[in-house]
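Q: structure.cif is reproduced in full below (mmCIF, C-alpha atoms).
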data_my_file
loop_
_atom_site.label_atom_id
_atom_site.label_comp_id
_atom_site.auth_asym_id
_atom_site.auth_seq_id
_atom_site.Cartn_x
_atom_site.Cartn_y
_atom_site.Cartn_z
CA MET D 1 150.37 227.90 155.36
CA ASN D 2 150.40 225.75 158.47
CA LYS D 3 149.11 227.25 161.71
CA LYS D 4 150.17 227.11 165.32
CA ILE D 5 147.24 225.95 167.48
CA GLY D 6 146.97 226.28 171.25
CA ILE D 7 144.79 223.86 173.24
CA TYR D 8 143.68 225.15 176.64
CA ASP D 9 142.09 222.62 178.98
CA VAL D 10 140.88 224.69 181.93
CA ASP D 11 139.61 222.01 184.27
CA SER D 12 139.11 218.53 182.81
CA LYS D 13 139.70 215.71 185.31
CA ILE D 14 140.35 213.25 182.48
CA PRO D 15 141.53 213.75 178.87
CA ASN D 16 139.10 216.09 177.11
CA LEU D 17 137.45 214.40 174.13
CA ALA D 18 136.51 217.59 172.30
CA LEU D 19 140.01 219.03 172.59
CA MET D 20 141.57 215.74 171.44
CA ARG D 21 139.34 215.76 168.35
CA ILE D 22 140.26 219.38 167.64
CA SER D 23 143.92 218.40 167.91
CA ALA D 24 143.43 215.48 165.50
CA PHE D 25 141.61 217.75 163.03
CA HIS D 26 144.40 220.34 162.94
CA LYS D 27 147.22 217.80 162.85
CA ALA D 28 145.54 216.21 159.82
CA LYS D 29 145.85 219.62 158.14
CA GLY D 30 149.54 219.78 159.00
CA ASP D 31 149.14 222.35 161.76
CA GLU D 32 151.33 222.45 164.87
CA VAL D 33 149.32 221.72 168.04
CA GLU D 34 150.41 222.21 171.64
CA HIS D 35 149.02 222.86 175.08
CA TYR D 36 148.34 226.55 175.51
CA ILE D 37 150.94 228.70 177.28
CA PRO D 38 149.43 232.07 178.31
CA LEU D 39 152.73 233.92 178.04
CA LEU D 40 152.97 232.86 174.39
CA HIS D 41 149.41 233.86 173.52
CA GLU D 42 150.39 236.20 170.70
CA THR D 43 152.31 233.43 168.92
CA TYR D 44 149.21 231.28 168.30
CA ASP D 45 147.11 231.54 165.17
CA GLN D 46 144.16 230.10 167.08
CA VAL D 47 143.46 228.96 170.64
CA TYR D 48 140.70 226.56 171.63
CA ALA D 49 139.65 226.52 175.29
CA SER D 50 137.34 224.15 177.16
CA LYS D 51 135.83 224.85 180.60
CA ILE D 52 133.73 222.04 182.09
CA PHE D 53 132.75 223.49 185.47
CA ASP D 54 131.26 226.94 186.01
CA PHE D 55 133.15 227.34 189.31
CA SER D 56 136.59 226.82 187.73
CA ASP D 57 139.02 229.69 187.35
CA GLY D 58 138.59 231.21 183.92
CA SER D 59 140.93 234.16 184.41
CA TYR D 60 143.16 233.13 181.48
CA LEU D 61 140.28 232.94 179.01
CA ARG D 62 140.28 235.63 176.33
CA ASP D 63 137.77 236.97 173.83
CA ASP D 64 139.84 235.87 170.83
CA MET D 65 139.73 232.19 171.88
CA ILE D 66 137.23 229.66 170.58
CA LEU D 67 135.42 228.68 173.77
CA GLY D 68 133.38 225.61 174.61
CA GLY D 69 132.31 223.30 177.41
CA THR D 70 129.47 223.17 179.91
CA GLY D 71 131.23 225.74 182.08
CA ILE D 72 130.91 228.25 179.20
CA ASP D 73 127.40 227.49 177.96
CA LEU D 74 125.10 224.58 177.14
CA LYS D 75 124.59 225.38 173.46
CA THR D 76 128.05 225.38 171.88
CA GLU D 77 128.72 222.14 170.02
CA LEU D 78 131.77 220.80 168.23
CA ASP D 79 131.75 221.25 164.47
CA PRO D 80 130.49 217.97 162.88
CA GLU D 81 133.59 217.78 160.68
CA ILE D 82 135.84 217.94 163.74
CA ASN D 83 133.61 215.62 165.77
CA ALA D 84 134.08 212.91 163.12
CA PHE D 85 137.79 212.60 163.94
CA ASP D 86 139.12 209.97 166.33
CA PRO D 87 140.60 211.58 169.46
CA ASP D 88 144.28 212.47 169.46
CA TYR D 89 145.29 210.77 172.70
CA SER D 90 148.90 211.87 172.31
CA LEU D 91 147.75 215.31 173.47
CA TYR D 92 147.53 213.85 176.99
CA ASP D 93 149.85 210.89 176.50
CA TYR D 94 146.89 208.70 177.44
CA PRO D 95 147.17 204.98 176.55
CA HIS D 96 143.50 203.94 176.87
CA SER D 97 140.22 204.79 175.11
CA ILE D 98 137.49 207.19 176.25
CA GLY D 99 134.09 207.89 174.77
CA PHE D 100 130.31 208.01 174.79
CA ALA D 101 128.14 205.12 173.65
CA MET D 102 125.10 207.26 174.45
CA ARG D 103 124.18 210.84 175.31
CA GLY D 104 121.33 212.38 177.25
CA CYS D 105 119.39 210.98 180.20
CA ARG D 106 115.99 209.53 181.08
CA PHE D 107 115.68 211.80 184.11
CA LYS D 108 115.56 215.55 184.76
CA CYS D 109 117.37 216.02 188.07
CA GLY D 110 117.44 219.68 189.05
CA PHE D 111 121.15 219.68 189.83
CA CYS D 112 122.18 218.16 186.49
CA VAL D 113 122.57 219.96 183.14
CA VAL D 114 122.73 216.81 180.99
CA PRO D 115 119.01 216.63 180.02
CA ARG D 116 118.99 220.32 179.08
CA LYS D 117 122.17 220.01 177.07
CA GLU D 118 121.76 216.59 175.47
CA GLY D 119 118.06 215.75 175.65
CA LYS D 120 116.64 212.27 176.12
CA ALA D 121 118.85 209.20 176.30
CA HIS D 122 119.94 208.05 172.84
CA SER D 123 122.68 205.89 171.33
CA VAL D 124 125.58 207.63 169.57
CA SER D 125 128.29 205.01 169.07
CA SER D 126 129.24 201.38 169.24
CA ILE D 127 131.86 200.18 171.72
CA GLU D 128 134.18 199.02 168.94
CA LYS D 129 134.16 202.47 167.36
CA ILE D 130 135.15 204.08 170.68
CA TRP D 131 137.94 201.56 171.23
CA THR D 132 140.60 203.18 169.03
CA GLN D 133 143.59 202.60 171.33
CA ARG D 134 143.84 198.91 170.48
CA SER D 135 147.05 198.36 172.45
CA SER D 136 145.02 198.73 175.66
CA ASN D 137 141.97 196.69 176.65
CA PHE D 138 140.75 199.37 179.08
CA LEU D 139 137.83 201.59 178.09
CA MET D 140 136.36 204.51 180.02
CA LEU D 141 132.71 205.19 179.19
CA LEU D 142 131.46 208.71 179.90
CA ASP D 143 127.76 207.81 179.49
CA ASN D 144 125.55 209.61 182.00
CA ASP D 145 122.86 206.92 181.84
CA PHE D 146 124.39 203.72 180.42
CA PHE D 147 121.33 201.50 180.93
CA GLY D 148 119.15 204.25 179.46
CA ASN D 149 120.86 203.57 176.14
CA PRO D 150 118.41 201.75 173.84
CA ASN D 151 121.41 199.66 172.71
CA TRP D 152 122.80 198.78 176.15
CA LYS D 153 122.51 195.03 175.48
CA GLU D 154 124.58 195.33 172.30
CA CYS D 155 127.15 197.40 174.21
CA ILE D 156 127.48 194.74 176.90
CA GLU D 157 127.88 192.06 174.22
CA GLU D 158 130.60 194.11 172.51
CA ILE D 159 132.48 194.69 175.76
CA ASN D 160 132.51 190.97 176.48
CA ARG D 161 133.27 189.92 172.90
CA LEU D 162 136.22 192.30 172.73
CA LYS D 163 137.33 191.24 176.23
CA LEU D 164 137.53 194.82 177.45
CA ARG D 165 137.85 196.17 180.94
CA VAL D 166 135.36 199.01 181.35
CA ASN D 167 134.90 201.94 183.69
CA PHE D 168 131.43 203.47 183.97
CA SER D 169 132.81 206.82 185.06
CA GLN D 170 129.55 208.69 185.64
CA GLY D 171 127.94 205.95 187.69
CA LEU D 172 124.93 203.71 187.07
CA ASN D 173 121.36 204.19 188.27
CA ILE D 174 120.88 201.53 190.93
CA ARG D 175 117.33 202.71 191.74
CA ILE D 176 115.83 201.22 188.61
CA ILE D 177 118.35 198.59 187.59
CA SER D 178 116.54 195.44 186.46
CA GLU D 179 117.56 191.85 187.19
CA LYS D 180 118.69 191.42 183.57
CA GLN D 181 120.75 194.60 183.73
CA ALA D 182 122.33 193.48 187.01
CA GLU D 183 123.26 190.16 185.40
CA ALA D 184 124.69 192.01 182.40
CA LEU D 185 126.75 194.24 184.69
CA ALA D 186 128.12 191.21 186.55
CA SER D 187 129.22 189.69 183.23
CA VAL D 188 131.67 192.49 182.39
CA ASP D 189 135.11 193.23 183.82
CA PHE D 190 134.26 196.60 185.41
CA ARG D 191 137.09 198.71 186.79
CA ASP D 192 137.87 201.94 188.61
CA LYS D 193 139.10 204.97 186.65
CA SER D 194 142.72 203.96 187.15
CA ASN D 195 142.12 200.39 185.95
CA ASN D 196 143.55 199.13 189.23
CA MET D 197 140.67 197.23 190.82
CA PRO D 198 137.09 196.00 190.23
CA ARG D 199 134.86 199.00 190.94
CA VAL D 200 131.35 199.99 189.89
CA THR D 201 129.82 203.30 190.93
CA PHE D 202 126.21 204.13 191.73
CA ALA D 203 124.61 207.22 193.28
CA TRP D 204 122.41 208.04 196.25
CA ASP D 205 121.45 211.66 195.77
CA ASN D 206 118.07 211.82 197.51
CA ILE D 207 117.34 210.60 201.05
CA ASP D 208 113.85 209.52 199.93
CA ASP D 209 115.33 206.96 197.53
CA GLU D 210 116.53 204.64 200.27
CA LYS D 211 113.95 201.93 199.59
CA THR D 212 114.73 201.75 195.87
CA ILE D 213 118.47 201.97 196.57
CA MET D 214 118.24 198.95 198.88
CA ARG D 215 116.19 197.03 196.32
CA GLY D 216 118.81 197.71 193.67
CA PHE D 217 121.60 196.82 196.08
CA LYS D 218 120.01 193.41 196.65
CA ARG D 219 119.73 192.82 192.90
CA ILE D 220 123.39 193.70 192.46
CA THR D 221 124.61 191.45 195.27
CA ASP D 222 122.30 188.62 194.17
CA VAL D 223 124.25 188.35 190.90
CA GLY D 224 127.56 188.06 192.72
CA ILE D 225 128.90 191.64 192.79
CA LYS D 226 130.45 192.23 196.20
CA PRO D 227 129.75 195.31 198.34
CA TRP D 228 133.49 196.14 198.50
CA GLN D 229 133.40 196.48 194.70
CA MET D 230 130.76 199.22 194.92
CA GLN D 231 131.11 202.98 195.33
CA PHE D 232 128.22 205.42 195.79
CA TYR D 233 128.31 209.08 194.81
CA VAL D 234 126.51 211.03 197.56
CA LEU D 235 125.35 214.53 196.63
CA ILE D 236 125.22 216.93 199.57
CA GLY D 237 124.18 220.57 199.89
CA TYR D 238 121.43 220.44 197.27
CA ASN D 239 118.29 219.14 198.99
CA SER D 240 119.58 217.42 202.14
CA ASN D 241 120.46 218.40 205.70
CA HIS D 242 123.41 217.33 207.81
CA ASP D 243 121.61 214.41 209.46
CA GLU D 244 120.47 213.05 206.08
CA ASN D 245 124.01 213.32 204.72
CA MET D 246 125.36 211.42 207.70
CA HIS D 247 122.67 208.76 207.41
CA ARG D 248 123.48 208.03 203.78
CA VAL D 249 127.25 207.75 204.17
CA THR D 250 127.04 205.61 207.31
CA LYS D 251 124.36 203.39 205.73
CA ILE D 252 126.56 202.82 202.69
CA ARG D 253 129.50 202.02 204.94
CA SER D 254 127.38 199.55 206.93
CA LEU D 255 126.60 197.73 203.67
CA GLY D 256 130.32 197.24 203.06
CA ALA D 257 130.46 199.72 200.16
CA ASP D 258 132.29 203.06 199.89
CA PRO D 259 130.53 206.44 199.83
CA TYR D 260 132.05 209.28 197.82
CA VAL D 261 130.66 212.71 198.72
CA MET D 262 129.99 215.25 195.95
CA PRO D 263 129.51 218.79 197.36
CA PHE D 264 126.95 220.90 195.49
CA ASP D 265 128.72 224.06 196.69
CA LYS D 266 132.46 223.50 196.99
CA LYS D 267 132.89 226.91 198.64
CA ASP D 268 130.69 225.93 201.57
CA LEU D 269 132.90 225.07 204.55
CA TYR D 270 130.70 222.26 205.89
CA GLN D 271 130.32 220.59 202.48
CA SER D 272 134.02 220.71 201.65
CA ARG D 273 135.00 219.50 205.12
CA PHE D 274 132.43 216.68 205.16
CA ALA D 275 133.57 215.55 201.70
CA ARG D 276 137.19 215.56 202.81
CA TRP D 277 136.31 213.41 205.85
CA VAL D 278 134.29 210.82 203.93
CA ASN D 279 136.41 210.63 200.79
CA HIS D 280 139.61 209.94 202.70
CA ARG D 281 138.62 206.36 203.39
CA ALA D 282 141.14 205.63 206.13
CA THR D 283 140.03 208.73 208.03
CA PHE D 284 136.33 207.97 207.49
CA LYS D 285 136.75 204.50 208.97
CA SER D 286 138.87 205.52 211.95
CA VAL D 287 137.95 209.10 212.96
CA LYS D 288 134.54 210.27 214.17
CA TRP D 289 133.01 213.28 212.45
CA GLU D 290 132.79 215.08 215.81
CA ASP D 291 136.55 214.81 216.11
CA PHE D 292 137.22 215.81 212.52
CA ARG D 293 134.73 218.59 211.82
CA TRP D 294 137.11 221.28 213.06
CA ASP D 295 134.94 224.12 214.42
CA ARG D 296 131.31 223.03 214.81
CA ARG D 297 130.15 226.63 215.29
CA LYS D 298 131.02 227.42 211.68
CA PHE D 299 128.67 224.68 210.46
CA ALA D 300 125.60 225.89 212.36
#
Taking this structure as input, can you express it in the form of structure tokens?
A:
Amino acid sequence: MNKKIGIYDVDSKIPNLALMRISAFHKAKGDEVEHYIPLLHETYDQVYASKIFDFSDGSYLRDDMILGGTGIDLKTELDPEINAFDPDYSLYDYPHSIGFAMRGCRFKCGFCVVPRKEGKAHSVSSIEKIWTQRSSNFLMLLDNDFFGNPNWKECIEEINRLKLRVNFSQGLNIRIISEKQAEALASVDFRDKSNNMPRVTFAWDNIDDEKTIMRGFKRITDVGIKPWQMQFYVLIGYNSNHDENMHRVTKIRSLGADPYVMPFDKKDLYQSRFARWVNHRATFKSVKWEDFRWDRRKFA
């Protein structure tokens, strides 16, 4: 007897790979799959729910759901049989391809759960295997440490051979990028998440990394990548003060690149306000922080 399956995506910013594979698995069995509607909970034979962020609202989650995602715990993994299915992109009506060529990371940053969840950097897929939506030449890679992949050279060759546009959604580590890796990056048609413009993202999380950031920046520009094509994630509220946050975003702006602030604590008024100021690029370029910050007493 066919089942009715509910898929509950609590907080994904992009189509959720695990949920799309679950959808493909059940559709292959002839089951009916739809996005979860809380009012119809009793009509489902099974509900799968994914929560990525621990701060997201989980008030609709229930004990009889199958739960997963980093926002639930770091140990739950997709069943290997389900994980073998290609994603069902029709669940989100998404025309492009998304996936991981590698998992894990070479580093153990205190604010990041990836090393604890996925271990050391290792290859998990070829580019061609990820590229299942062949009607689109745009591919979004979710790799947390692309150049930490032992097979990064092969991945670059595949991207170019298949003439794909690629988005490195999690950013690349500019601190340790080599000249060969910079040249490889310049050889691909990198894009922003919307596939609208050339965009490559790096990160400047620690104020003490300025020297290595600048060295990497020179390597990137030396191979022809323009500053206006670069975006830098800037983590605030973890191990930096207000002056250090301001220094990083203004330094990035002075280089001709765009900073993008990532608050460690979204509930903190200063962090949310500072992120709003910087991330609205027109405001960041035209309005001083002193005129934007609202009530400076609340940030003391």
Q: Please write as a list of chain:residue names the full residue list that the PyMOL selection byres ((chain D and resi 261-278) around 8) yields on this file.
A: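 So the PyMOL selection byres ((chain D and resi 261-278) around 8), applied here, picks out D:Tyr233, D:Val234, D:Leu235, D:Ile236, D:Gly237, D:Tyr238, D:Val249, D:Pro259, D:Tyr260, D:Asn279, D:His280, D:Arg281, D:Thr283, D:Phe284, D:Trp289, D:Phe292, D:Arg293, D:Lys298, D:Phe299.
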Q: Hey, what comes out of the PyMOL selection byres ((chain D and resi 130) around 7) on this file? Could you write it as a compact mmCIF listing (two decimals) with C-alpha atoms, keeping the file's coordinate frame?
A:
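Dumped to out-v3.txt:
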# COMPACT_ATOMS: atom_id res chain seq x y z
CA SER D 97 140.22 204.79 175.11
CA ILE D 98 137.49 207.19 176.25
CA GLY D 99 134.09 207.89 174.77
CA SER D 126 129.24 201.38 169.24
CA ILE D 127 131.86 200.18 171.72
CA GLU D 128 134.18 199.02 168.94
CA LYS D 129 134.16 202.47 167.36
CA TRP D 131 137.94 201.56 171.23
CA THR D 132 140.60 203.18 169.03
Q: From the options D:Leu142, D:Cys109, D:Ala28, D:Val166, which residue's atoms come nearest to Asn206 (chain D), counting only C-alpha atoms?
A: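 Smallest separation from Asn206 (chain D) among the options: D:Cys109.
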Q: Point out the residue among D:Val200, D:Cys155, D:Ile207, D:Ile213 with the least atom-to-atom distance to Arg175 (chain D), counting all atoms listed in the file.
A: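 Of D:Val200, D:Cys155, D:Ile207, D:Ile213, the one nearest Arg175 (chain D) is D:Ile213, counting all atoms listed in the file.
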Q: Using the chain letters and residue numbers of this document, give as a list of chain:residue names the residues selected by the PyMOL selection byres ((chain D and resi 178) around 12).
A: D:Phe147, D:Gly148, D:Leu172, D:Asn173, D:Ile174, D:Arg175, D:Ile176, D:Ile177, D:Glu179, D:Lys180, D:Gln181, D:Ala182, D:Glu183, D:Ala184, D:Leu185, D:Thr212, D:Arg215, D:Gly216, D:Phe217, D:Lys218, D:Arg219, D:Ile220, D:Asp222, D:Val223
Q: What is the CA of Ser23 (chain D)-CA of Ile7 (chain D) distance in Å, reported with one decimal?
A: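 So the two atoms, CA of Ser23 (chain D) and CA of Ile7 (chain D), lie 7.7 Å apart.
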Q: Restricting the calculation to only C-alpha atoms, which member of D:Lys288, D:His247, D:Lys3, D:Arg103 is positioned closest to Tyr44 (chain D)?
A: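 Selected residue with least distance to Tyr44 (chain D): D:Lys3.
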Q: From the set D:Ser136, D:Asp57, D:Pro15, D:Lys4, which residue has the shortest atom-to-atom contact distance to His41 (chain D), counting only C-alpha atoms?
A: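 That would be D:Lys4, the residue with the smallest distance to His41 (chain D).
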Q: What's around region 82-89 of chain D at 6 Å? Count only C-alpha atoms, leave out sequence neighbours fewer than 4 positions away in its own chain, and write the answer as number ranges by chain.
A: D: 20-21, 24-25, 93-94
Q: Go ahead and write the residues just picked, C-alpha atoms, as an mmCIF file, keeping the file's coordinate frame.
A:
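Once written, out-v3.cif looks like this:
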data_model
loop_
_atom_site.group_PDB
_atom_site.id
_atom_site.type_symbol
_atom_site.label_atom_id
_atom_site.label_comp_id
_atom_site.auth_asym_id
_atom_site.auth_seq_id
_atom_site.Cartn_x
_atom_site.Cartn_y
_atom_site.Cartn_z
ATOM 1 C CA MET D 20 141.570 215.740 171.440
ATOM 2 C CA ARG D 21 139.340 215.760 168.350
ATOM 3 C CA ALA D 24 143.430 215.480 165.500
ATOM 4 C CA PHE D 25 141.610 217.750 163.030
ATOM 5 C CA ASP D 93 149.850 210.890 176.500
ATOM 6 C CA TYR D 94 146.890 208.700 177.440
#
